[in-house]
$ cat target_38.txt   # compact mmCIF, N, CA and C atoms
# COMPACT_ATOMS: atom_id res chain seq x y z
N MET A 30 129.21 104.42 111.98
CA MET A 30 128.17 104.73 111.03
C MET A 30 128.78 104.84 109.63
N ARG A 31 128.07 104.32 108.66
CA ARG A 31 128.49 104.43 107.27
C ARG A 31 128.20 105.85 106.77
N PRO A 32 128.88 106.27 105.72
CA PRO A 32 128.54 107.58 105.14
C PRO A 32 127.08 107.58 104.67
N ARG A 33 126.40 108.65 104.92
CA ARG A 33 124.98 108.74 104.53
C ARG A 33 124.85 109.08 103.05
N THR A 34 123.84 108.48 102.46
CA THR A 34 123.53 108.82 101.08
C THR A 34 122.52 109.96 101.09
N SER A 35 122.50 110.69 100.03
CA SER A 35 121.58 111.81 99.93
C SER A 35 120.20 111.30 99.54
N ARG A 36 119.25 111.54 100.41
CA ARG A 36 117.86 111.14 100.14
C ARG A 36 116.96 112.29 100.52
N SER A 37 115.81 112.33 99.90
CA SER A 37 114.82 113.36 100.21
C SER A 37 113.65 112.73 100.93
N ASN A 38 113.09 113.48 101.85
CA ASN A 38 111.89 113.01 102.53
C ASN A 38 110.80 112.73 101.51
N GLY A 39 110.08 111.63 101.73
CA GLY A 39 109.01 111.24 100.83
C GLY A 39 109.43 110.24 99.76
N GLU A 40 110.74 109.94 99.69
CA GLU A 40 111.20 108.94 98.72
C GLU A 40 110.71 107.56 99.11
N GLU A 41 110.67 106.69 98.11
CA GLU A 41 110.32 105.29 98.35
C GLU A 41 111.32 104.67 99.31
N LEU A 42 110.85 103.75 100.12
CA LEU A 42 111.75 102.96 100.96
C LEU A 42 112.54 102.02 100.05
N SER A 43 113.76 101.70 100.45
CA SER A 43 114.54 100.74 99.67
C SER A 43 113.91 99.36 99.83
N GLN A 44 114.30 98.46 98.96
CA GLN A 44 113.79 97.09 99.05
C GLN A 44 114.17 96.47 100.40
N ALA A 45 115.39 96.70 100.86
CA ALA A 45 115.83 96.16 102.15
C ALA A 45 115.02 96.77 103.31
N GLU A 46 114.80 98.07 103.29
CA GLU A 46 114.01 98.73 104.34
C GLU A 46 112.59 98.18 104.35
N ARG A 47 112.00 98.06 103.16
CA ARG A 47 110.63 97.55 103.07
C ARG A 47 110.55 96.10 103.56
N GLY A 48 111.57 95.29 103.25
CA GLY A 48 111.59 93.90 103.70
C GLY A 48 111.66 93.79 105.21
N ILE A 49 112.48 94.59 105.83
CA ILE A 49 112.58 94.58 107.30
C ILE A 49 111.27 95.05 107.92
N LEU A 50 110.71 96.11 107.38
CA LEU A 50 109.44 96.60 107.92
C LEU A 50 108.32 95.57 107.72
N ALA A 51 108.32 94.86 106.60
CA ALA A 51 107.32 93.81 106.39
C ALA A 51 107.46 92.72 107.46
N LEU A 52 108.69 92.36 107.79
CA LEU A 52 108.91 91.38 108.85
C LEU A 52 108.38 91.91 110.18
N LEU A 53 108.64 93.16 110.48
CA LEU A 53 108.18 93.74 111.75
C LEU A 53 106.67 93.92 111.80
N CYS A 54 106.01 93.87 110.65
CA CYS A 54 104.54 93.97 110.59
C CYS A 54 103.90 92.60 110.37
N SER A 55 104.65 91.52 110.55
CA SER A 55 104.17 90.20 110.16
C SER A 55 103.41 89.44 111.25
N GLY A 56 103.11 90.08 112.35
CA GLY A 56 102.32 89.41 113.39
C GLY A 56 100.97 88.97 112.84
N THR A 57 100.33 88.06 113.55
CA THR A 57 99.05 87.52 113.08
C THR A 57 97.84 88.20 113.71
N ASP A 58 98.06 89.20 114.53
CA ASP A 58 96.96 89.90 115.21
C ASP A 58 96.40 91.04 114.35
N ALA A 59 95.29 91.59 114.78
CA ALA A 59 94.61 92.65 114.02
C ALA A 59 95.44 93.92 113.91
N GLU A 60 96.22 94.25 114.94
CA GLU A 60 97.02 95.47 114.90
C GLU A 60 98.16 95.34 113.89
N SER A 61 98.73 94.16 113.77
CA SER A 61 99.77 93.92 112.75
C SER A 61 99.18 94.05 111.35
N ALA A 62 97.94 93.62 111.17
CA ALA A 62 97.28 93.77 109.87
C ALA A 62 97.13 95.26 109.53
N LYS A 63 96.83 96.09 110.52
CA LYS A 63 96.75 97.54 110.30
C LYS A 63 98.12 98.10 109.94
N ALA A 64 99.17 97.59 110.59
CA ALA A 64 100.53 98.05 110.27
C ALA A 64 100.89 97.68 108.83
N ARG A 65 100.51 96.48 108.39
CA ARG A 65 100.78 96.09 107.00
C ARG A 65 100.03 96.99 106.03
N GLN A 66 98.82 97.38 106.39
CA GLN A 66 98.05 98.30 105.55
C GLN A 66 98.79 99.63 105.42
N GLN A 67 99.28 100.15 106.54
CA GLN A 67 100.01 101.42 106.52
C GLN A 67 101.32 101.31 105.74
N LEU A 68 101.95 100.16 105.82
CA LEU A 68 103.22 99.95 105.12
C LEU A 68 103.07 100.15 103.61
N GLN A 69 101.90 99.89 103.08
CA GLN A 69 101.66 100.12 101.65
C GLN A 69 101.87 101.58 101.27
N PHE A 70 101.66 102.48 102.22
CA PHE A 70 101.76 103.92 101.97
C PHE A 70 102.97 104.55 102.67
N ALA A 71 103.90 103.72 103.13
CA ALA A 71 105.06 104.21 103.89
C ALA A 71 106.15 104.75 102.96
N ARG A 72 106.75 105.85 103.37
CA ARG A 72 107.86 106.47 102.65
C ARG A 72 108.95 106.82 103.66
N TRP A 73 110.15 106.95 103.15
CA TRP A 73 111.29 107.37 103.97
C TRP A 73 111.09 108.83 104.34
N ASP A 74 111.32 109.17 105.62
CA ASP A 74 111.02 110.54 106.08
C ASP A 74 112.18 111.18 106.83
N GLY A 75 113.39 110.77 106.52
CA GLY A 75 114.55 111.41 107.11
C GLY A 75 115.16 110.59 108.24
N PHE A 76 116.36 111.00 108.63
CA PHE A 76 117.03 110.34 109.74
C PHE A 76 116.47 110.87 111.05
N GLN A 77 116.34 109.98 112.01
CA GLN A 77 115.78 110.37 113.30
C GLN A 77 116.79 111.13 114.15
N PHE A 78 118.05 110.71 114.10
CA PHE A 78 119.11 111.33 114.90
C PHE A 78 120.34 111.54 114.02
N ASP A 79 121.15 112.52 114.35
CA ASP A 79 122.36 112.78 113.58
C ASP A 79 123.38 111.67 113.69
N GLU A 80 123.46 111.02 114.83
CA GLU A 80 124.53 110.06 115.08
C GLU A 80 124.19 108.62 114.72
N CYS A 81 123.03 108.35 114.16
CA CYS A 81 122.71 106.98 113.79
C CYS A 81 121.87 106.95 112.51
N GLU A 82 121.66 105.75 112.00
CA GLU A 82 120.91 105.58 110.76
C GLU A 82 119.44 105.24 111.00
N CYS A 83 118.98 105.38 112.24
CA CYS A 83 117.56 105.18 112.51
C CYS A 83 116.79 106.17 111.63
N PHE A 84 115.68 105.71 111.07
CA PHE A 84 114.97 106.62 110.17
C PHE A 84 113.49 106.70 110.49
N LEU A 85 112.94 107.84 110.11
CA LEU A 85 111.52 108.11 110.29
C LEU A 85 110.74 107.56 109.11
N ILE A 86 109.48 107.28 109.35
CA ILE A 86 108.57 106.73 108.34
C ILE A 86 107.38 107.67 108.23
N ALA A 87 107.02 108.04 107.03
CA ALA A 87 105.81 108.82 106.79
C ALA A 87 104.77 107.92 106.14
N VAL A 88 103.57 107.92 106.68
CA VAL A 88 102.44 107.21 106.05
C VAL A 88 101.70 108.26 105.25
N THR A 89 101.79 108.18 103.93
CA THR A 89 101.33 109.27 103.07
C THR A 89 99.83 109.31 102.82
N ASN A 90 99.13 108.22 103.03
CA ASN A 90 97.69 108.19 102.77
C ASN A 90 96.96 107.72 104.02
N ARG A 91 96.93 108.54 105.02
CA ARG A 91 96.33 108.15 106.30
C ARG A 91 94.82 107.98 106.23
N THR A 92 94.17 108.62 105.30
CA THR A 92 92.72 108.51 105.22
C THR A 92 92.27 107.10 104.85
N ASN A 93 93.12 106.33 104.17
CA ASN A 93 92.78 104.96 103.80
C ASN A 93 93.36 103.93 104.76
N CYS A 94 93.88 104.37 105.89
CA CYS A 94 94.51 103.46 106.85
C CYS A 94 93.84 103.55 108.21
N SER A 95 93.73 102.41 108.85
CA SER A 95 93.21 102.37 110.22
C SER A 95 94.35 102.66 111.17
N ARG A 96 94.03 103.35 112.27
CA ARG A 96 95.03 103.59 113.31
C ARG A 96 95.34 102.30 114.04
N ILE A 97 96.60 102.15 114.41
CA ILE A 97 97.05 100.99 115.18
C ILE A 97 96.86 101.31 116.65
N SER A 98 96.21 100.39 117.37
CA SER A 98 96.04 100.57 118.81
C SER A 98 97.31 100.09 119.51
N HIS A 99 98.08 101.06 119.98
CA HIS A 99 99.34 100.76 120.65
C HIS A 99 99.64 101.91 121.60
N VAL A 100 99.92 101.59 122.86
CA VAL A 100 100.03 102.63 123.87
C VAL A 100 101.41 103.23 124.03
N GLY A 101 102.42 102.71 123.40
CA GLY A 101 103.75 103.30 123.53
C GLY A 101 104.85 102.27 123.50
N GLY A 102 106.07 102.74 123.30
CA GLY A 102 107.19 101.82 123.18
C GLY A 102 107.21 101.20 121.81
N PRO A 103 108.18 100.31 121.59
CA PRO A 103 108.24 99.66 120.29
C PRO A 103 106.99 98.82 120.04
N PHE A 104 106.55 98.78 118.80
CA PHE A 104 105.39 97.98 118.40
C PHE A 104 105.81 96.52 118.22
N SER A 105 106.95 96.32 117.55
CA SER A 105 107.46 94.97 117.32
C SER A 105 108.97 95.04 117.18
N SER A 106 109.61 93.88 117.31
CA SER A 106 111.08 93.83 117.29
C SER A 106 111.57 92.60 116.54
N ALA A 107 112.81 92.70 116.07
CA ALA A 107 113.50 91.56 115.44
C ALA A 107 114.94 91.59 115.92
N THR A 108 115.51 90.41 116.09
CA THR A 108 116.92 90.30 116.44
C THR A 108 117.73 90.24 115.16
N VAL A 109 118.81 91.00 115.11
CA VAL A 109 119.73 90.99 113.97
C VAL A 109 120.79 89.93 114.26
N MET A 110 120.96 89.01 113.31
CA MET A 110 121.90 87.90 113.48
C MET A 110 122.93 87.90 112.35
N GLN A 111 124.13 87.44 112.67
CA GLN A 111 125.15 87.20 111.67
C GLN A 111 125.95 85.99 112.14
N ASN A 112 125.95 84.95 111.31
CA ASN A 112 126.65 83.70 111.67
C ASN A 112 126.22 83.19 113.05
N GLU A 113 124.93 83.21 113.29
CA GLU A 113 124.32 82.72 114.54
C GLU A 113 124.69 83.53 115.77
N ILE A 114 125.21 84.73 115.58
CA ILE A 114 125.54 85.62 116.69
C ILE A 114 124.55 86.78 116.66
N ALA A 115 123.91 87.04 117.79
CA ALA A 115 122.98 88.17 117.89
C ALA A 115 123.77 89.47 117.98
N LEU A 116 123.45 90.41 117.09
CA LEU A 116 124.18 91.67 117.04
C LEU A 116 123.39 92.86 117.58
N GLY A 117 122.07 92.73 117.64
CA GLY A 117 121.25 93.85 118.11
C GLY A 117 119.79 93.61 117.83
N HIS A 118 118.98 94.64 118.11
CA HIS A 118 117.54 94.58 117.87
C HIS A 118 117.11 95.71 116.96
N LEU A 119 116.19 95.40 116.06
CA LEU A 119 115.47 96.40 115.29
C LEU A 119 114.10 96.58 115.92
N ASP A 120 113.69 97.81 116.09
CA ASP A 120 112.39 98.10 116.71
C ASP A 120 111.58 99.01 115.79
N LEU A 121 110.32 98.64 115.59
CA LEU A 121 109.38 99.46 114.85
C LEU A 121 108.53 100.23 115.86
N TRP A 122 108.52 101.54 115.73
CA TRP A 122 107.78 102.40 116.65
C TRP A 122 106.52 102.92 115.99
N ILE A 123 105.49 103.06 116.81
CA ILE A 123 104.20 103.62 116.40
C ILE A 123 103.97 104.88 117.24
N VAL A 124 103.52 105.95 116.60
CA VAL A 124 103.15 107.16 117.33
C VAL A 124 101.79 107.61 116.83
N ASP A 125 100.89 107.86 117.76
CA ASP A 125 99.53 108.31 117.43
C ASP A 125 98.82 107.38 116.44
N GLY A 126 99.13 106.08 116.52
CA GLY A 126 98.44 105.09 115.69
C GLY A 126 99.04 104.84 114.32
N TYR A 127 100.20 105.48 114.01
CA TYR A 127 100.80 105.33 112.69
C TYR A 127 102.27 104.92 112.80
N LEU A 128 102.75 104.20 111.78
CA LEU A 128 104.16 103.85 111.71
C LEU A 128 104.98 105.13 111.85
N GLN A 129 106.01 105.09 112.69
CA GLN A 129 106.76 106.31 112.96
C GLN A 129 108.25 106.19 112.67
N SER A 130 108.90 105.09 113.09
CA SER A 130 110.34 104.98 112.86
C SER A 130 110.84 103.55 112.99
N LEU A 131 112.00 103.33 112.39
CA LEU A 131 112.73 102.08 112.55
C LEU A 131 114.02 102.42 113.28
N ASP A 132 114.20 101.82 114.44
CA ASP A 132 115.38 102.06 115.27
C ASP A 132 116.21 100.79 115.35
N TYR A 133 117.52 100.98 115.48
CA TYR A 133 118.42 99.85 115.65
C TYR A 133 119.23 100.06 116.92
N MET A 134 119.19 99.06 117.80
CA MET A 134 119.97 99.10 119.03
C MET A 134 121.00 97.98 118.97
N PRO A 135 122.26 98.32 118.62
CA PRO A 135 123.29 97.28 118.51
C PRO A 135 123.79 96.83 119.88
N PHE A 136 124.22 95.58 119.94
CA PHE A 136 124.91 95.08 121.12
C PHE A 136 126.38 95.46 121.00
N GLU A 137 127.19 95.11 121.97
CA GLU A 137 128.60 95.51 122.01
C GLU A 137 129.41 95.06 120.79
N ASN A 138 129.12 93.91 120.24
CA ASN A 138 129.97 93.34 119.19
C ASN A 138 129.57 93.77 117.78
N HIS A 139 128.77 94.80 117.63
CA HIS A 139 128.35 95.25 116.31
C HIS A 139 128.76 96.70 116.11
N PRO A 140 129.19 97.06 114.89
CA PRO A 140 129.67 98.42 114.66
C PRO A 140 128.61 99.51 114.78
N GLY A 141 127.35 99.17 114.79
CA GLY A 141 126.33 100.17 115.06
C GLY A 141 125.59 100.74 113.87
N TYR A 142 125.87 100.32 112.66
CA TYR A 142 125.13 100.86 111.53
C TYR A 142 123.91 99.99 111.24
N MET A 143 122.94 100.58 110.56
CA MET A 143 121.69 99.90 110.25
C MET A 143 121.98 98.69 109.38
N PRO A 144 121.57 97.50 109.82
CA PRO A 144 121.87 96.26 109.09
C PRO A 144 120.89 96.01 107.95
N LEU A 145 121.15 96.61 106.81
CA LEU A 145 120.21 96.52 105.70
C LEU A 145 120.72 95.67 104.54
N THR A 146 121.72 94.85 104.76
CA THR A 146 122.26 94.06 103.66
C THR A 146 121.99 92.58 103.89
N THR A 147 122.26 91.79 102.87
CA THR A 147 121.99 90.36 102.94
C THR A 147 122.98 89.60 103.81
N GLU A 148 123.99 90.26 104.36
CA GLU A 148 124.93 89.57 105.24
C GLU A 148 124.33 89.31 106.62
N TYR A 149 123.14 89.80 106.86
CA TYR A 149 122.45 89.62 108.14
C TYR A 149 121.18 88.83 107.96
N THR A 150 120.75 88.18 109.02
CA THR A 150 119.42 87.57 109.06
C THR A 150 118.65 88.24 110.19
N PHE A 151 117.35 88.16 110.12
CA PHE A 151 116.49 88.84 111.08
C PHE A 151 115.49 87.84 111.63
N ASN A 152 115.46 87.70 112.94
CA ASN A 152 114.52 86.81 113.61
C ASN A 152 113.45 87.64 114.27
N PHE A 153 112.23 87.49 113.80
CA PHE A 153 111.11 88.23 114.36
C PHE A 153 110.89 87.81 115.81
N ILE A 154 110.97 88.76 116.71
CA ILE A 154 110.71 88.50 118.14
C ILE A 154 109.21 88.53 118.38
N GLY A 155 108.56 89.50 117.77
CA GLY A 155 107.12 89.61 117.90
C GLY A 155 106.68 90.98 118.36
N ARG A 156 105.41 91.05 118.66
CA ARG A 156 104.80 92.29 119.14
C ARG A 156 105.18 92.52 120.58
N GLN A 157 105.31 93.79 120.94
CA GLN A 157 105.64 94.17 122.32
C GLN A 157 104.38 94.41 123.12
$ encode --input "target_38.txt" --output "structure tokens"
Amino acid sequence: MRPRTSRSNGEELSQAERGILALLCSGTDAESAKARQQLQFARWDGFQFDECECFLIAVTNRTNCSRISHVGGPFSSATVMQNEIALGHLDLWIVDGYLQSLDYMPFENHPGYMPLTTEYTFNFIGRQ
């Protein structure tokens, strides 16, 4: 894990975080459209676990957003690639109809930190 930067809950998502989340909300179905709507109001909401860079997402204006119909598990996923080698999966989670967290599950050959730089490419796997 890289050293953590000091951030406060409610801060804007970084451009890289927003780009990855936009990819994970890029499905063509109605539920993905609801996720894109919520993404407009998404803010960084802290780290999910002490030992990783997975982070929580707060949707700050829920009254203007439709709930996403999703029964559990990851909502959508993307494969993290570097030089045509798959390094892991990014998963967008939904809880109670709202964007909840971005998780990263690295494979054996990746150091395990959140891949938020341009040295990686992301292949949208799709909705779960």
$ closest_residue --input "target_38.txt" --among "A:Cys81, A:Ala71, A:Met134, A:Met110" --to "Phe151 of chain A" --atoms "all atoms listed in the file"
A:Met110
$ select_by_dssp --input "target_38.txt" --residues "segment 31-156 of chain A" --states "alpha helix (DSSP H)" --output "number ranges by chain"
A: 44-53, 59-68
$ atom_distance --input "target_38.txt" --atom1 "atom CA of Asp132 of chain A" --atom2 "atom CA of Leu119 of chain A"
5.7 Å
$ residues_around --input "target_38.txt" --residues "His99 of chain A" --least-positions-apart "3" --cutoff "10 Å" --atoms "only C-alpha atoms" --output "ChimeraX atom specification"
/A:60,96,102-104,122-127,157
$ select_by_dssp --input "target_38.txt" --residues "segment 38-91 of chain A" --states "strand (DSSP E)" --output "list in words"
Ala71, Arg72, Trp73, Asp74, Gly75, Phe76, Phe84, Leu85, Ile86, Ala87 and Val88 of chain A
$ write_last_selection --input "target_38.txt" --atoms "N, CA and C atoms" --output "PDB file, in the frame of the given file"
ATOM      1  N   ALA A  71     103.900 103.720 103.130  1.00  0.00           N
ATOM      2  CA  ALA A  71     105.060 104.210 103.890  1.00  0.00           C
ATOM      3  C   ALA A  71     106.150 104.750 102.960  1.00  0.00           C
ATOM      4  N   ARG A  72     106.750 105.850 103.370  1.00  0.00           N
ATOM      5  CA  ARG A  72     107.860 106.470 102.650  1.00  0.00           C
ATOM      6  C   ARG A  72     108.950 106.820 103.660  1.00  0.00           C
ATOM      7  N   TRP A  73     110.150 106.950 103.150  1.00  0.00           N
ATOM      8  CA  TRP A  73     111.290 107.370 103.970  1.00  0.00           C
ATOM      9  C   TRP A  73     111.090 108.830 104.340  1.00  0.00           C
ATOM     10  N   ASP A  74     111.320 109.170 105.620  1.00  0.00           N
ATOM     11  CA  ASP A  74     111.020 110.540 106.080  1.00  0.00           C
ATOM     12  C   ASP A  74     112.180 111.180 106.830  1.00  0.00           C
ATOM     13  N   GLY A  75     113.390 110.770 106.520  1.00  0.00           N
ATOM     14  CA  GLY A  75     114.550 111.410 107.110  1.00  0.00           C
ATOM     15  C   GLY A  75     115.160 110.590 108.240  1.00  0.00           C
ATOM     16  N   PHE A  76     116.360 111.000 108.630  1.00  0.00           N
ATOM     17  CA  PHE A  76     117.030 110.340 109.740  1.00  0.00           C
ATOM     18  C   PHE A  76     116.470 110.870 111.050  1.00  0.00           C
ATOM     19  N   PHE A  84     115.680 105.710 111.070  1.00  0.00           N
ATOM     20  CA  PHE A  84     114.970 106.620 110.170  1.00  0.00           C
ATOM     21  C   PHE A  84     113.490 106.700 110.490  1.00  0.00           C
ATOM     22  N   LEU A  85     112.940 107.840 110.110  1.00  0.00           N
ATOM     23  CA  LEU A  85     111.520 108.110 110.290  1.00  0.00           C
ATOM     24  C   LEU A  85     110.740 107.560 109.110  1.00  0.00           C
ATOM     25  N   ILE A  86     109.480 107.280 109.350  1.00  0.00           N
ATOM     26  CA  ILE A  86     108.570 106.730 108.340  1.00  0.00           C
ATOM     27  C   ILE A  86     107.380 107.670 108.230  1.00  0.00           C
ATOM     28  N   ALA A  87     107.020 108.040 107.030  1.00  0.00           N
ATOM     29  CA  ALA A  87     105.810 108.820 106.790  1.00  0.00           C
ATOM     30  C   ALA A  87     104.770 107.920 106.140  1.00  0.00           C
ATOM     31  N   VAL A  88     103.570 107.920 106.680  1.00  0.00           N
ATOM     32  CA  VAL A  88     102.440 107.210 106.050  1.00  0.00           C
ATOM     33  C   VAL A  88     101.700 108.260 105.250  1.00  0.00           C
TER      34      VAL A  88
END
$ residues_around --input "target_38.txt" --residues "Ile49 of chain A" --least-positions-apart "5" --cutoff "8 Å" --atoms "only N, CA and C atoms" --output "PyMOL selection string"
chain A and resi 43-44+54-55+145+151
$ residues_around --input "target_38.txt" --residues "Met143 of chain A" --least-positions-apart "6" --cutoff "6.5 Å" --atoms "all atoms listed in the file" --output "PyMOL selection string"
chain A and resi 82-83+133
$ write_last_selection --input "target_38.txt" --atoms "N, CA and C atoms" --output "PDB file, in the coordinates of the input"
ATOM      1  N   GLU A  82     121.660 105.750 112.000  1.00  0.00           N
ATOM      2  CA  GLU A  82     120.910 105.580 110.760  1.00  0.00           C
ATOM      3  C   GLU A  82     119.440 105.240 111.000  1.00  0.00           C
ATOM      4  N   CYS A  83     118.980 105.380 112.240  1.00  0.00           N
ATOM      5  CA  CYS A  83     117.560 105.180 112.510  1.00  0.00           C
ATOM      6  C   CYS A  83     116.790 106.170 111.630  1.00  0.00           C
ATOM      7  N   TYR A 133     117.520 100.980 115.480  1.00  0.00           N
ATOM      8  CA  TYR A 133     118.420  99.850 115.650  1.00  0.00           C
ATOM      9  C   TYR A 133     119.230 100.060 116.920  1.00  0.00           C
TER      10      TYR A 133
END
$ atom_distance --input "target_38.txt" --atom1 "atom CA of Thr150 of chain A" --atom2 "atom CA of Gln67 of chain A"
24.0 Å
$ residues_around --input "target_38.txt" --residues "segment 57-59 of chain A" --least-positions-apart "6" --cutoff "8 Å" --atoms "all atoms listed in the file" --output "PyMOL selection string"
chain A and resi 65+97-98+156
$ atom_distance --input "target_38.txt" --atom1 "atom CA of Thr108 of chain A" --atom2 "atom C of Phe84 of chain A"
17.8 Å
$ closest_residue --input "target_38.txt" --among "A:Gln77, A:Leu53, A:Thr89, A:Ser61" --to "Glu40 of chain A" --atoms "only C-alpha atoms"
A:Thr89
$ decode --input "target_38.txt" --residues "segment 114-122 of chain A" --atoms "all heavy atoms" --output "mmCIF file, in the first residue's frame"
data_model
loop_
_atom_site.group_PDB
_atom_site.id
_atom_site.type_symbol
_atom_site.label_atom_id
_atom_site.label_comp_id
_atom_site.auth_asym_id
_atom_site.auth_seq_id
_atom_site.Cartn_x
_atom_site.Cartn_y
_atom_site.Cartn_z
ATOM 1 N N ILE A 114 -1.232 -7.347 -19.349
ATOM 2 C CA ILE A 114 -1.280 -8.327 -18.261
ATOM 3 C C ILE A 114 -2.377 -7.896 -17.299
ATOM 4 O O ILE A 114 -2.396 -6.748 -16.832
ATOM 5 C CB ILE A 114 0.071 -8.410 -17.525
ATOM 6 C CG1 ILE A 114 1.164 -8.878 -18.485
ATOM 7 C CG2 ILE A 114 -0.025 -9.325 -16.314
ATOM 8 C CD1 ILE A 114 2.559 -8.784 -17.918
ATOM 9 N N ALA A 115 -3.280 -8.812 -16.986
ATOM 10 C CA ALA A 115 -4.351 -8.524 -16.026
ATOM 11 C C ALA A 115 -3.777 -8.544 -14.614
ATOM 12 O O ALA A 115 -3.120 -9.504 -14.220
ATOM 13 C CB ALA A 115 -5.462 -9.554 -16.160
ATOM 14 N N LEU A 116 -4.018 -7.455 -13.880
ATOM 15 C CA LEU A 116 -3.468 -7.319 -12.535
ATOM 16 C C LEU A 116 -4.502 -7.482 -11.431
ATOM 17 O O LEU A 116 -4.150 -7.732 -10.286
ATOM 18 C CB LEU A 116 -2.801 -5.955 -12.383
ATOM 19 C CG LEU A 116 -1.666 -5.663 -13.356
ATOM 20 C CD1 LEU A 116 -1.171 -4.243 -13.157
ATOM 21 C CD2 LEU A 116 -0.539 -6.659 -13.183
ATOM 22 N N GLY A 117 -5.776 -7.302 -11.763
ATOM 23 C CA GLY A 117 -6.821 -7.396 -10.744
ATOM 24 C C GLY A 117 -8.144 -6.882 -11.258
ATOM 25 O O GLY A 117 -8.286 -6.567 -12.439
ATOM 26 N N HIS A 118 -9.113 -6.806 -10.350
ATOM 27 C CA HIS A 118 -10.446 -6.309 -10.676
ATOM 28 C C HIS A 118 -10.811 -5.141 -9.780
ATOM 29 O O HIS A 118 -10.539 -5.156 -8.580
ATOM 30 C CB HIS A 118 -11.513 -7.389 -10.463
ATOM 31 C CG HIS A 118 -11.516 -8.444 -11.488
ATOM 32 N ND1 HIS A 118 -11.779 -9.749 -11.191
ATOM 33 C CD2 HIS A 118 -11.299 -8.408 -12.818
ATOM 34 C CE1 HIS A 118 -11.710 -10.476 -12.293
ATOM 35 N NE2 HIS A 118 -11.414 -9.677 -13.287
ATOM 36 N N LEU A 119 -11.464 -4.149 -10.368
ATOM 37 C CA LEU A 119 -12.115 -3.084 -9.622
ATOM 38 C C LEU A 119 -13.603 -3.398 -9.586
ATOM 39 O O LEU A 119 -14.177 -3.770 -10.603
ATOM 40 C CB LEU A 119 -11.904 -1.737 -10.314
ATOM 41 C CG LEU A 119 -10.512 -1.151 -10.224
ATOM 42 C CD1 LEU A 119 -10.343 -0.024 -11.224
ATOM 43 C CD2 LEU A 119 -10.248 -0.653 -8.814
ATOM 44 N N ASP A 120 -14.204 -3.257 -8.428
ATOM 45 C CA ASP A 120 -15.629 -3.547 -8.269
ATOM 46 C C ASP A 120 -16.335 -2.346 -7.653
ATOM 47 O O ASP A 120 -15.878 -1.797 -6.648
ATOM 48 C CB ASP A 120 -15.855 -4.763 -7.363
ATOM 49 C CG ASP A 120 -15.306 -6.041 -7.944
ATOM 50 O OD1 ASP A 120 -15.520 -6.286 -9.147
ATOM 51 O OD2 ASP A 120 -14.664 -6.809 -7.198
ATOM 52 N N LEU A 121 -17.454 -1.972 -8.252
ATOM 53 C CA LEU A 121 -18.310 -0.924 -7.713
ATOM 54 C C LEU A 121 -19.453 -1.593 -6.961
ATOM 55 O O LEU A 121 -20.160 -2.428 -7.527
ATOM 56 C CB LEU A 121 -18.865 -0.051 -8.843
ATOM 57 C CG LEU A 121 -19.880 1.022 -8.446
ATOM 58 C CD1 LEU A 121 -19.261 2.018 -7.465
ATOM 59 C CD2 LEU A 121 -20.405 1.724 -9.687
ATOM 60 N N TRP A 122 -19.605 -1.239 -5.695
ATOM 61 C CA TRP A 122 -20.638 -1.829 -4.852
ATOM 62 C C TRP A 122 -21.782 -0.847 -4.646
ATOM 63 O O TRP A 122 -21.578 0.367 -4.543
ATOM 64 C CB TRP A 122 -20.061 -2.211 -3.495
ATOM 65 C CG TRP A 122 -19.138 -3.385 -3.568
ATOM 66 C CD1 TRP A 122 -17.865 -3.394 -4.069
ATOM 67 C CD2 TRP A 122 -19.420 -4.710 -3.174
ATOM 68 N NE1 TRP A 122 -17.338 -4.656 -3.981
ATOM 69 C CE2 TRP A 122 -18.260 -5.489 -3.444
ATOM 70 C CE3 TRP A 122 -20.525 -5.339 -2.608
ATOM 71 C CZ2 TRP A 122 -18.194 -6.845 -3.156
ATOM 72 C CZ3 TRP A 122 -20.450 -6.689 -2.321
ATOM 73 C CH2 TRP A 122 -19.300 -7.424 -2.602
#
